[in-house]
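> First the structure, then my questions, so here it is.
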Amino acid sequence: MTDIVDKVPAPVPPEQIKAIPVRHYGRWVAGAAVLAILVLIGIAFSNAKIHYDVIPDYLTDGTILSGVWHTLYISVLAMLLGLVLGVVLAVMRMSSNPVTSTVAWFYVWFFRGTPVLVQLLLWYNIALIFPILNLGFYKDEMNQVMTPFLAALLGLGLNEAAYMSEIVRAGIQSVDMGQTEASHALGMTQGKTLRRVVLPQAMRVIVPPTGNEFINMLKTSSLAYAVQFNELIKRSTDISSTSLAVVELYFVASIWYLILTSVFSVGQYYLERRYARGSSRTLPPTPLQRLRKNLALFGSFRRPEVSR
Amino acid sequence: MTSLSKDVATGGSGGPMVRAEGVHKSFGLAHILKGIDLEVNPREVFCLIGPSGSGKSTFLRCINHLEKISAGRLYVDGDLVGYRQKGDKLYELKESEVAAQRRDIGMVFQRFNLFPHMTALENVMEAPVQVKRETKAVARERAQRLLDRVGLGDRTGHYPAQLSGGQQQRVAIARALAMQPKLMLFDEPTSALDPELVGEVLDVMRDLAEDGMTMIVVTHEMGFAREVGDSLVFMDDGVVVEAGHPRQVLGDPQHERTKSFLSKVL
């Protein structure tokens with residue numbers, strides 16, 4: 001027995017196992033079936049009454065591009081409104097003041113519990129209940145004030161705030177109490193603790209769902225079509241009502257939505273990576289770094305020992 | 001070895017560093033502290049031992065006002081903790097005043113509680129820059145020196161997740177020392193560590209004691225208490241059962257409860 005401890009035997013290279021792998025016939029059948037269905041769908045679409053040739057022209061049409069721009073900026077602005085108001089609501093909800101926390105709860109309950117489309121239409125038609133807007137220092141007819149833009153911004157942004165407040169609250173509550181205690185013990189105030197210690201850690205929990213919310217917003221903004229806001233769907237239907245290329249323009253709109261959501265998904269990836277600092281021992285490589293590493297690996301293919 | 005003494009400040013009041021007079025603490029119906037009276041002198045290493053739930057950690061957290069006491073008086077360096085007394089009326093201190101009191105009291109936690117999104121160096125620099133408004137250069141120089149001192153001068157750029165438990169706890173000690181406290185509180189600093197990492201943390205604490213830092217240590221390390229401690233208090237069920245010199249209390253306990261506790265841990 002003691003021999004084993006004292007003398008480590010020289011390592012004998014183990015004999016590699018050469019076994020006949022299990023045949024997965026089911027996989028082949030399933031793969032073939034899926035491919036067949038894809039081919040059938042492809043044939044159906046190529047024979048359908050769709051003028052594919054007009055799609056590239058409409059993609060860069062001025063009206064469509066202006067629709068893309070409107071979609072983009074209403075999404076960004078509504079998201080910003082939702083973000084700022086969401087943080088305020090989250091802090092209100094967590095405050096020890098029963099009035100502010102109840103109001104915040106009620107806000108989330110209402111705006112999360114009613115459809116965005118209804119909220120958009122309510123803002124757009126608010127002149128029916130308040131014909132005159134009177135802020136004391138500013139007075140005007142509501143119809144003049146409540147433009148399609150403002151209705152879209154308020155409808156989308158205030159709705160988003162309800163969701164964002166829940167995301168921010170979850171993020172702040174995910175940070176360990178010990179972090180707050182350590183920060184207080186060092187003499188940092190409540191505000192400084194929130195800013196320097198709690199929020200940076202909460203961001204790791206807040207950023208991924210916020211990215212999802214923004215990508216959702218890019219698409220949900222199409223509902224602003226109902227309040228005459230000139231976003232992508234409104235612009236597409238404007239064209240199709242005269243050109244009769246109805247389906248083609250929905251295709252064009254879909255392509256633009258896919259482009260927008262793809263671009264922002266990449267941005268989200270880098271943002272998440274930024275806030276993952278310190279949460280794991282090594283950060284995951286960016287797609288670029290991965291590509292470079294793979295290229296380097298490929299270049300030194302004959303010398304695998306230096307590939308690291 | 002350079003000395004830590006530059007980072008050690010002793011109290012200015014001339015009296016005891018900590019004085020507790022009939023300190024009580026309740027959480028709802030749970031009565032955790034039932035009248036604690038004790039004094040901790042400057043440059044003293046004061047050990048608190050006792051079974052879990054005896055209130056020793058709670059008492060420690062009262063000293064820097066992480067917990068509010070329910071009755072009695074608690075003074076650090078002559079100042080009432082968390083309150084201001086005018087005549088016979090007590091006024092709660094404002095948040096910023098409580099924060100100012102805590103600056104001079106370092107605390108080391110059982111679970112380290114390092115800031116995970118900052119490197120070791122940034123952890124140590126954070127409070128001097130944010131609270132004392134030191135310049136980054138000054139704070140960095142001291143942080144580097146303190147990390148050198150706890151044996152982690154080559155780990156300054158590491159995030160807490162990249163350090164072992166013992167290394168994290170040593171960074172946490174450096175972080176507390178960076179504020180140049182006059183009193184250090186240790187809340188079971190080695191309880192969350194693997195046994196072979198306990199020594200490196202106790203070594204740092206021993207050095208600190210030799211440099212004259214006033215320390216209150218809640219611990220289960222009886223060897224450390226006996227060897228480094230100047231005073232020792234055995235607490236059970238929210239009261240001080242026995243107090244004295246560590247060698248005396250640990251070697252010749254007078255009370256039954258102390259005896260039965262020590263027979264289990266020694």
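FYI, nothing fancy with the structure tokens labels: chains A, B, ... in order, residues from 1 per chain, ligands from 1 as they appear.
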Skip Met92 in chain A itself and residues of its chain fewer than 2 positions away, then list as JSON, numbers by chain all residues within 12 Å of it, counting only C-alpha atoms.

{"A": [85, 86, 87, 88, 89, 90, 94, 95, 96, 97, 98, 99, 100, 101, 102, 103, 104, 105, 106, 107, 108, 165, 166, 168, 169]}

> With N, CA, C and O atoms kept, could you save the residues just selected as an mmCIF file, in the first residue's frame?


data_model
loop_
_atom_site.group_PDB
_atom_site.id
_atom_site.type_symbol
_atom_site.label_atom_id
_atom_site.label_comp_id
_atom_site.auth_asym_id
_atom_site.auth_seq_id
_atom_site.Cartn_x
_atom_site.Cartn_y
_atom_site.Cartn_z
ATOM 1 N N LEU A 85 -38.991 57.732 -15.125
ATOM 2 C CA LEU A 85 -40.169 57.606 -14.278
ATOM 3 C C LEU A 85 -40.152 56.274 -13.535
ATOM 4 O O LEU A 85 -40.592 56.176 -12.385
ATOM 5 N N GLY A 86 -39.622 55.258 -14.187
ATOM 6 C CA GLY A 86 -39.542 53.937 -13.564
ATOM 7 C C GLY A 86 -38.649 53.941 -12.333
ATOM 8 O O GLY A 86 -38.993 53.356 -11.309
ATOM 9 N N VAL A 87 -37.490 54.625 -12.429
ATOM 10 C CA VAL A 87 -36.592 54.713 -11.276
ATOM 11 C C VAL A 87 -37.292 55.472 -10.145
ATOM 12 O O VAL A 87 -37.266 55.061 -8.978
ATOM 13 N N VAL A 88 -37.957 56.586 -10.514
ATOM 14 C CA VAL A 88 -38.673 57.369 -9.497
ATOM 15 C C VAL A 88 -39.733 56.505 -8.818
ATOM 16 O O VAL A 88 -39.848 56.478 -7.586
ATOM 17 N N LEU A 89 -40.500 55.766 -9.625
ATOM 18 C CA LEU A 89 -41.562 54.929 -9.056
ATOM 19 C C LEU A 89 -40.985 53.833 -8.169
ATOM 20 O O LEU A 89 -41.542 53.515 -7.120
ATOM 21 N N ALA A 90 -39.841 53.262 -8.586
ATOM 22 C CA ALA A 90 -39.228 52.195 -7.791
ATOM 23 C C ALA A 90 -38.792 52.732 -6.441
ATOM 24 O O ALA A 90 -39.026 52.103 -5.407
ATOM 25 N N MET A 94 -40.309 51.753 -2.701
ATOM 26 C CA MET A 94 -39.509 51.186 -1.621
ATOM 27 C C MET A 94 -39.357 52.133 -0.435
ATOM 28 O O MET A 94 -38.759 51.773 0.568
ATOM 29 N N SER A 95 -39.882 53.374 -0.571
ATOM 30 C CA SER A 95 -39.707 54.333 0.518
ATOM 31 C C SER A 95 -40.582 53.911 1.695
ATOM 32 O O SER A 95 -41.541 53.157 1.555
ATOM 33 N N SER A 96 -40.241 54.426 2.870
ATOM 34 C CA SER A 96 -41.011 54.054 4.054
ATOM 35 C C SER A 96 -42.245 54.943 4.203
ATOM 36 O O SER A 96 -43.039 54.743 5.120
ATOM 37 N N ASN A 97 -42.384 55.925 3.310
ATOM 38 C CA ASN A 97 -43.559 56.787 3.337
ATOM 39 C C ASN A 97 -44.751 56.028 2.743
ATOM 40 O O ASN A 97 -44.735 55.672 1.569
ATOM 41 N N PRO A 98 -45.797 55.761 3.548
ATOM 42 C CA PRO A 98 -46.899 54.931 3.043
ATOM 43 C C PRO A 98 -47.649 55.577 1.882
ATOM 44 O O PRO A 98 -48.192 54.866 1.033
ATOM 45 N N VAL A 99 -47.699 56.924 1.837
ATOM 46 C CA VAL A 99 -48.426 57.586 0.752
ATOM 47 C C VAL A 99 -47.722 57.341 -0.575
ATOM 48 O O VAL A 99 -48.330 56.880 -1.553
ATOM 49 N N THR A 100 -46.412 57.621 -0.630
ATOM 50 C CA THR A 100 -45.711 57.465 -1.908
ATOM 51 C C THR A 100 -45.686 55.998 -2.351
ATOM 52 O O THR A 100 -45.842 55.703 -3.537
ATOM 53 N N SER A 101 -45.509 55.069 -1.411
ATOM 54 C CA SER A 101 -45.420 53.678 -1.836
ATOM 55 C C SER A 101 -46.769 53.175 -2.330
ATOM 56 O O SER A 101 -46.844 52.399 -3.285
ATOM 57 N N THR A 102 -47.875 53.643 -1.720
ATOM 58 C CA THR A 102 -49.203 53.230 -2.187
ATOM 59 C C THR A 102 -49.488 53.811 -3.566
ATOM 60 O O THR A 102 -50.014 53.117 -4.445
ATOM 61 N N VAL A 103 -49.128 55.084 -3.749
ATOM 62 C CA VAL A 103 -49.356 55.707 -5.061
ATOM 63 C C VAL A 103 -48.569 54.964 -6.142
ATOM 64 O O VAL A 103 -49.089 54.677 -7.223
ATOM 65 N N ALA A 104 -47.327 54.611 -5.838
ATOM 66 C CA ALA A 104 -46.512 53.887 -6.812
ATOM 67 C C ALA A 104 -47.132 52.529 -7.125
ATOM 68 O O ALA A 104 -47.173 52.093 -8.283
ATOM 69 N N TRP A 105 -47.616 51.868 -6.110
ATOM 70 C CA TRP A 105 -48.255 50.567 -6.321
ATOM 71 C C TRP A 105 -49.470 50.720 -7.234
ATOM 72 O O TRP A 105 -49.674 49.963 -8.166
ATOM 73 N N PHE A 106 -50.276 51.764 -6.945
ATOM 74 C CA PHE A 106 -51.487 52.003 -7.710
ATOM 75 C C PHE A 106 -51.144 52.307 -9.170
ATOM 76 O O PHE A 106 -51.809 51.830 -10.093
ATOM 77 N N TYR A 107 -50.098 53.102 -9.387
ATOM 78 C CA TYR A 107 -49.670 53.447 -10.745
ATOM 79 C C TYR A 107 -49.363 52.182 -11.539
ATOM 80 O O TYR A 107 -49.837 51.977 -12.658
ATOM 81 N N VAL A 108 -48.540 51.317 -10.929
ATOM 82 C CA VAL A 108 -48.155 50.085 -11.625
ATOM 83 C C VAL A 108 -49.384 49.226 -11.895
ATOM 84 O O VAL A 108 -49.565 48.687 -12.986
ATOM 85 N N SER A 165 -40.358 50.233 -13.500
ATOM 86 C CA SER A 165 -40.254 50.384 -12.044
ATOM 87 C C SER A 165 -40.125 49.016 -11.392
ATOM 88 O O SER A 165 -39.398 48.855 -10.413
ATOM 89 N N GLU A 166 -40.837 48.028 -11.929
ATOM 90 C CA GLU A 166 -40.730 46.684 -11.358
ATOM 91 C C GLU A 166 -39.344 46.098 -11.617
ATOM 92 O O GLU A 166 -38.781 45.416 -10.768
ATOM 93 N N VAL A 168 -36.493 47.835 -12.054
ATOM 94 C CA VAL A 168 -35.519 48.549 -11.221
ATOM 95 C C VAL A 168 -35.632 48.082 -9.767
ATOM 96 O O VAL A 168 -34.627 47.836 -9.090
ATOM 97 N N ARG A 169 -36.862 47.917 -9.292
ATOM 98 C CA ARG A 169 -37.071 47.479 -7.910
ATOM 99 C C ARG A 169 -36.459 46.096 -7.705
ATOM 100 O O ARG A 169 -35.761 45.854 -6.715
#

> Find the residues in chain B near chain A: any atom within 8 Å counts, using only C-alpha atoms. Write them as an MDAnalysis selection string.

chainID B and resid 64 66 95:96 98:103 105:107 109 111 113:119 127 130:131 159:162 176 179

> For those residues, write C-alpha atoms to a file as an mmCIF file, in the first residue's frame.


data_model
loop_
_atom_site.group_PDB
_atom_site.id
_atom_site.type_symbol
_atom_site.label_atom_id
_atom_site.label_comp_id
_atom_site.auth_asym_id
_atom_site.auth_seq_id
_atom_site.Cartn_x
_atom_site.Cartn_y
_atom_site.Cartn_z
ATOM 1 C CA ASN B 64 -21.528 51.763 14.916
ATOM 2 C CA LEU B 66 -26.062 49.611 12.290
ATOM 3 C CA GLU B 95 -28.250 60.608 8.592
ATOM 4 C CA SER B 96 -25.141 62.612 7.677
ATOM 5 C CA VAL B 98 -24.495 59.170 11.869
ATOM 6 C CA ALA B 99 -22.331 58.653 8.773
ATOM 7 C CA ALA B 100 -19.730 61.043 10.212
ATOM 8 C CA GLN B 101 -19.614 59.026 13.464
ATOM 9 C CA ARG B 102 -19.093 55.807 11.520
ATOM 10 C CA ARG B 103 -16.059 57.161 9.652
ATOM 11 C CA ILE B 105 -15.102 53.103 13.353
ATOM 12 C CA GLY B 106 -13.880 50.376 11.030
ATOM 13 C CA MET B 107 -15.890 47.198 10.660
ATOM 14 C CA PHE B 109 -17.815 41.392 8.534
ATOM 15 C CA ARG B 111 -19.116 37.553 5.009
ATOM 16 C CA ASN B 113 -18.973 42.251 2.050
ATOM 17 C CA LEU B 114 -16.385 43.561 -0.400
ATOM 18 C CA PHE B 115 -17.838 45.542 -3.278
ATOM 19 C CA PRO B 116 -17.817 42.932 -6.087
ATOM 20 C CA HIS B 117 -17.825 45.476 -8.929
ATOM 21 C CA MET B 118 -14.574 47.082 -7.754
ATOM 22 C CA THR B 119 -11.038 45.738 -7.735
ATOM 23 C CA ALA B 127 -14.380 55.420 1.192
ATOM 24 C CA GLN B 130 -16.029 59.356 -1.505
ATOM 25 C CA VAL B 131 -16.320 60.152 2.187
ATOM 26 C CA TYR B 159 -11.876 41.554 -8.325
ATOM 27 C CA PRO B 160 -13.172 39.944 -5.115
ATOM 28 C CA ALA B 161 -14.490 36.950 -7.072
ATOM 29 C CA GLN B 162 -10.897 36.260 -8.152
ATOM 30 C CA ALA B 176 -11.592 49.483 6.937
ATOM 31 C CA MET B 179 -10.394 55.380 6.827
#

> Out of B:Leu60, B:Leu197, B:Val239, B:Val124, which residue has the shortest atom-to-atom distance to Lys34 in chain B when counting only C-alpha atoms?

B:Val239

> Do a neighbour search on range 207-218 of chain A at 7 Å with only C-alpha atoms, toss out local chain neighbours closer than 3 positions, and write the hits as a list in words.

Thr71, Leu72, Ser75, Met79, Met203, Arg204, Ser221, Thr261, Gln268 and Glu272 of chain A

> With C-alpha atoms kept, could you save the residues just selected as a short mmCIF file (atom, residue, chain, number, x, y, z; two decimals), in the first residue's frame?


data_model
loop_
_atom_site.label_atom_id
_atom_site.label_comp_id
_atom_site.auth_asym_id
_atom_site.auth_seq_id
_atom_site.Cartn_x
_atom_site.Cartn_y
_atom_site.Cartn_z
CA THR A 71 -40.28 54.64 -34.98
CA LEU A 72 -36.72 54.94 -33.74
CA SER A 75 -39.06 54.35 -29.07
CA MET A 79 -38.03 54.40 -23.26
CA MET A 203 -27.51 47.21 -13.14
CA ARG A 204 -26.43 43.64 -13.79
CA SER A 221 -44.48 51.66 -31.05
CA THR A 261 -34.00 44.84 -33.28
CA GLN A 268 -27.40 45.03 -25.44
CA GLU A 272 -24.50 43.44 -20.32
#

> Could you check which of A:Ala253, A:Tyr163, A:His24, A:Gly42 is closest to Phe110 in chain A, using only C-alpha atoms?

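When distances to Phe110 in chain A are compared using only C-alpha atoms, the smallest one comes from A:Tyr163.
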
> For range 26-32 of chain B, list every protein, DNA or RNA residue within 12 Å, evaluated using only C-alpha atoms, and leave out those in the same chain fewer than 2 positions away; present the list as an MDAnalysis selection string.

chainID B and resid 23:24 34:36 52:59 62 67:71 235:239

> Using N, CA and C atoms, can you export the residues from the last selection as an mmCIF file, in the first residue's frame?


data_model
loop_
_atom_site.group_PDB
_atom_site.id
_atom_site.type_symbol
_atom_site.label_atom_id
_atom_site.label_comp_id
_atom_site.auth_asym_id
_atom_site.auth_seq_id
_atom_site.Cartn_x
_atom_site.Cartn_y
_atom_site.Cartn_z
ATOM 1 N N VAL B 23 -27.205 48.662 28.137
ATOM 2 C CA VAL B 23 -27.690 48.639 26.749
ATOM 3 C C VAL B 23 -28.669 47.485 26.530
ATOM 4 N N HIS B 24 -29.855 47.844 26.069
ATOM 5 C CA HIS B 24 -30.871 46.850 25.699
ATOM 6 C C HIS B 24 -31.153 46.946 24.206
ATOM 7 N N LYS B 34 -29.949 42.388 27.078
ATOM 8 C CA LYS B 34 -30.707 42.653 28.304
ATOM 9 C C LYS B 34 -29.838 43.364 29.329
ATOM 10 N N GLY B 35 -29.342 44.530 28.925
ATOM 11 C CA GLY B 35 -28.574 45.319 29.878
ATOM 12 C C GLY B 35 -27.104 44.968 29.866
ATOM 13 N N ILE B 36 -26.388 45.556 28.890
ATOM 14 C CA ILE B 36 -24.950 45.302 28.786
ATOM 15 C C ILE B 36 -24.209 46.497 29.381
ATOM 16 N N SER B 52 -24.022 31.131 19.702
ATOM 17 C CA SER B 52 -24.735 31.926 18.706
ATOM 18 C C SER B 52 -26.115 32.276 19.258
ATOM 19 N N GLY B 53 -26.544 33.497 18.953
ATOM 20 C CA GLY B 53 -27.812 33.958 19.497
ATOM 21 C C GLY B 53 -27.664 34.609 20.856
ATOM 22 N N SER B 54 -26.414 34.728 21.335
ATOM 23 C CA SER B 54 -26.229 35.320 22.656
ATOM 24 C C SER B 54 -26.255 36.840 22.599
ATOM 25 N N GLY B 55 -26.204 37.413 21.391
ATOM 26 C CA GLY B 55 -26.304 38.861 21.248
ATOM 27 C C GLY B 55 -24.985 39.558 21.017
ATOM 28 N N LYS B 56 -23.886 38.801 20.872
ATOM 29 C CA LYS B 56 -22.577 39.460 20.747
ATOM 30 C C LYS B 56 -22.447 40.217 19.418
ATOM 31 N N SER B 57 -22.923 39.630 18.314
ATOM 32 C CA SER B 57 -22.870 40.356 17.039
ATOM 33 C C SER B 57 -23.801 41.560 17.051
ATOM 34 N N THR B 58 -24.964 41.393 17.643
ATOM 35 C CA THR B 58 -25.909 42.506 17.738
ATOM 36 C C THR B 58 -25.283 43.668 18.504
ATOM 37 N N PHE B 59 -24.615 43.340 19.614
ATOM 38 C CA PHE B 59 -23.978 44.393 20.403
ATOM 39 C C PHE B 59 -22.923 45.118 19.572
ATOM 40 N N CYS B 62 -24.416 47.511 17.274
ATOM 41 C CA CYS B 62 -24.949 48.706 17.931
ATOM 42 C C CYS B 62 -23.868 49.770 18.057
ATOM 43 N N GLU B 67 -27.386 48.951 14.211
ATOM 44 C CA GLU B 67 -28.629 48.666 14.936
ATOM 45 C C GLU B 67 -28.831 49.777 15.954
ATOM 46 N N LYS B 68 -30.097 50.178 16.132
ATOM 47 C CA LYS B 68 -30.408 51.181 17.152
ATOM 48 C C LYS B 68 -30.653 50.478 18.476
ATOM 49 N N ILE B 69 -30.079 51.007 19.547
ATOM 50 C CA ILE B 69 -30.338 50.376 20.837
ATOM 51 C C ILE B 69 -31.708 50.824 21.353
ATOM 52 N N SER B 70 -32.338 49.964 22.168
ATOM 53 C CA SER B 70 -33.689 50.259 22.651
ATOM 54 C C SER B 70 -33.659 50.990 23.981
ATOM 55 N N ALA B 71 -32.635 50.754 24.774
ATOM 56 C CA ALA B 71 -32.531 51.430 26.068
ATOM 57 C C ALA B 71 -31.072 51.484 26.483
ATOM 58 N N MET B 235 -20.659 36.194 26.799
ATOM 59 C CA MET B 235 -22.068 36.599 26.779
ATOM 60 C C MET B 235 -22.944 35.382 26.552
ATOM 61 N N ASP B 236 -24.106 35.392 27.203
ATOM 62 C CA ASP B 236 -25.102 34.363 26.926
ATOM 63 C C ASP B 236 -26.476 34.967 27.163
ATOM 64 N N ASP B 237 -27.383 34.715 26.236
ATOM 65 C CA ASP B 237 -28.770 35.146 26.373
ATOM 66 C C ASP B 237 -28.895 36.641 26.674
ATOM 67 N N GLY B 238 -28.050 37.437 26.011
ATOM 68 C CA GLY B 238 -28.191 38.880 26.100
ATOM 69 C C GLY B 238 -27.597 39.533 27.335
ATOM 70 N N VAL B 239 -26.885 38.790 28.144
ATOM 71 C CA VAL B 239 -26.224 39.412 29.292
ATOM 72 C C VAL B 239 -24.753 39.002 29.332
#

> Any chance you could list, as a PyMOL selection string, the residues in range 129-177 of chain A that come up helix (DSSP H, G or I) when DSSP is run on the backbone?

chain A and resi 142-145+148-174+177

> Convert the current residue selection to file output with N, CA and C atoms, as a tab-separated table (two decimals), in the first residue's frame.


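So the final result, stored in part.tsv, reads:
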chain	number	residue	atom	x	y	z
A	142	MET	N	-56.89	71.78	-25.73
A	142	MET	CA	-56.22	70.48	-25.60
A	142	MET	C	-55.91	69.88	-26.97
A	143	ASN	N	-56.83	70.09	-27.92
A	143	ASN	CA	-56.62	69.53	-29.26
A	143	ASN	C	-55.33	70.03	-29.90
A	144	GLN	N	-54.96	71.26	-29.56
A	144	GLN	CA	-53.73	71.84	-30.10
A	144	GLN	C	-52.50	71.22	-29.44
A	145	VAL	N	-52.66	70.89	-28.17
A	145	VAL	CA	-51.51	70.40	-27.40
A	145	VAL	C	-51.26	68.92	-27.68
A	148	PRO	N	-50.28	63.92	-32.25
A	148	PRO	CA	-49.98	62.48	-32.32
A	148	PRO	C	-48.68	62.13	-31.61
A	149	PHE	N	-47.68	63.01	-31.76
A	149	PHE	CA	-46.39	62.75	-31.11
A	149	PHE	C	-46.55	62.66	-29.59
A	150	LEU	N	-47.22	63.67	-29.00
A	150	LEU	CA	-47.34	63.70	-27.54
A	150	LEU	C	-48.17	62.54	-27.04
A	151	ALA	N	-49.25	62.21	-27.79
A	151	ALA	CA	-50.09	61.08	-27.38
A	151	ALA	C	-49.27	59.79	-27.41
A	152	ALA	N	-48.45	59.63	-28.46
A	152	ALA	CA	-47.64	58.41	-28.58
A	152	ALA	C	-46.61	58.37	-27.45
A	153	LEU	N	-45.95	59.52	-27.20
A	153	LEU	CA	-44.92	59.56	-26.16
A	153	LEU	C	-45.50	59.23	-24.79
A	154	LEU	N	-46.64	59.88	-24.44
A	154	LEU	CA	-47.23	59.65	-23.12
A	154	LEU	C	-47.79	58.23	-23.02
A	155	GLY	N	-48.49	57.80	-24.07
A	155	GLY	CA	-49.09	56.47	-24.04
A	155	GLY	C	-48.04	55.40	-23.87
A	156	LEU	N	-46.98	55.46	-24.69
A	156	LEU	CA	-45.95	54.42	-24.64
A	156	LEU	C	-45.06	54.58	-23.41
A	157	GLY	N	-44.66	55.83	-23.11
A	157	GLY	CA	-43.70	56.08	-22.03
A	157	GLY	C	-44.27	55.79	-20.65
A	158	LEU	N	-45.51	56.26	-20.40
A	158	LEU	CA	-46.09	56.05	-19.07
A	158	LEU	C	-46.38	54.57	-18.84
A	159	ASN	N	-46.76	53.87	-19.91
A	159	ASN	CA	-46.96	52.43	-19.78
A	159	ASN	C	-45.64	51.73	-19.46
A	160	GLU	N	-44.58	52.17	-20.18
A	160	GLU	CA	-43.27	51.55	-19.98
A	160	GLU	C	-42.79	51.77	-18.54
A	161	ALA	N	-43.08	52.95	-17.98
A	161	ALA	CA	-42.61	53.27	-16.63
A	161	ALA	C	-43.09	52.23	-15.63
A	162	ALA	N	-44.31	51.74	-15.81
A	162	ALA	CA	-44.85	50.74	-14.89
A	162	ALA	C	-43.98	49.49	-14.91
A	163	TYR	N	-43.61	49.05	-16.11
A	163	TYR	CA	-42.78	47.85	-16.22
A	163	TYR	C	-41.37	48.11	-15.71
A	164	MET	N	-40.82	49.29	-16.09
A	164	MET	CA	-39.44	49.60	-15.68
A	164	MET	C	-39.32	49.70	-14.16
A	165	SER	N	-40.36	50.23	-13.50
A	165	SER	CA	-40.25	50.38	-12.04
A	165	SER	C	-40.12	49.02	-11.39
A	166	GLU	N	-40.84	48.03	-11.93
A	166	GLU	CA	-40.73	46.68	-11.36
A	166	GLU	C	-39.34	46.10	-11.62
A	167	ILE	N	-38.79	46.39	-12.80
A	167	ILE	CA	-37.45	45.87	-13.13
A	167	ILE	C	-36.40	46.51	-12.22
A	168	VAL	N	-36.49	47.83	-12.05
A	168	VAL	CA	-35.52	48.55	-11.22
A	168	VAL	C	-35.63	48.08	-9.77
A	169	ARG	N	-36.86	47.92	-9.29
A	169	ARG	CA	-37.07	47.48	-7.91
A	169	ARG	C	-36.46	46.10	-7.70
A	170	ALA	N	-36.70	45.20	-8.64
A	170	ALA	CA	-36.14	43.86	-8.52
A	170	ALA	C	-34.62	43.93	-8.49
A	171	GLY	N	-34.04	44.82	-9.32
A	171	GLY	CA	-32.59	44.94	-9.37
A	171	GLY	C	-32.02	45.44	-8.05
A	172	ILE	N	-32.64	46.48	-7.49
A	172	ILE	CA	-32.14	47.04	-6.24
A	172	ILE	C	-32.27	46.02	-5.12
A	173	GLN	N	-33.38	45.29	-5.11
A	173	GLN	CA	-33.59	44.32	-4.04
A	173	GLN	C	-32.71	43.09	-4.19
A	174	SER	N	-32.14	42.91	-5.39
A	174	SER	CA	-31.28	41.74	-5.59
A	174	SER	C	-29.90	41.94	-4.95
A	177	MET	N	-27.92	42.75	1.34
A	177	MET	CA	-27.98	43.75	2.41
A	177	MET	C	-26.58	44.06	2.97

> Between A:Asn134, A:Leu223, A:Tyr257, A:Leu288, which residue has the minimum interatomic distance to Gln119 in chain A, considering only C-alpha atoms?

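Closest residue, counting only C-alpha atoms: A:Leu223.
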
> Have a look at B:Gly165, B:Pro246, B:Gly72, B:Pro189 and name the one nearest to Ala20 in chain B; count only C-alpha atoms.

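Checking each candidate against Ala20 in chain B, we get B:Gly72 as the closest.
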
> Which residues are close to Val249 in chain B, i.e. within 8 Å by only C-alpha atoms, leaving aside same-chain residues fewer than 6 positions away? Reply as a list in words.

Leu232, Glu242 and Ala243 of chain B

> Take CA of His158 in chain B and CA of Glu122 in chain B and report the distance between them in Å, one decimal.

9.7 Å

> Would you compute the distance between CA of Leu147 in chain B and CA of Pro42 in chain B? Give it in Å to one decimal.

24.9 Å

> As a PyMOL selection string, please: every residue in range 46-188 of chain A that DSSP puts in strand (DSSP E or B).

chain A and resi 132-134+139-141

> With N, CA and C atoms retained, export the selected residues as a CSV table (one decimal), in the first residue's frame.


chain,number,residue,atom,x,y,z
A,132,ILE,N,-60.0,72.1,-22.5
A,132,ILE,CA,-59.0,73.2,-22.3
A,132,ILE,C,-57.9,72.7,-21.4
A,133,LEU,N,-56.6,73.0,-21.8
A,133,LEU,CA,-55.5,72.7,-20.9
A,133,LEU,C,-55.1,74.0,-20.2
A,134,ASN,N,-55.2,74.0,-18.9
A,134,ASN,CA,-54.9,75.2,-18.1
A,134,ASN,C,-53.9,74.9,-17.0
A,139,LYS,N,-52.1,78.3,-21.1
A,139,LYS,CA,-53.5,77.9,-21.4
A,139,LYS,C,-53.7,77.7,-22.9
A,140,ASP,N,-54.3,76.6,-23.3
A,140,ASP,CA,-54.5,76.3,-24.7
A,140,ASP,C,-55.6,75.3,-24.9
A,141,GLU,N,-56.1,75.2,-26.1
A,141,GLU,CA,-57.0,74.1,-26.4
A,141,GLU,C,-56.3,72.8,-26.4

> Have a look at CA of Asp61 in chain A and CA of Ala48 in chain A and let me know their distance in Å, one decimal.

23.8 Å
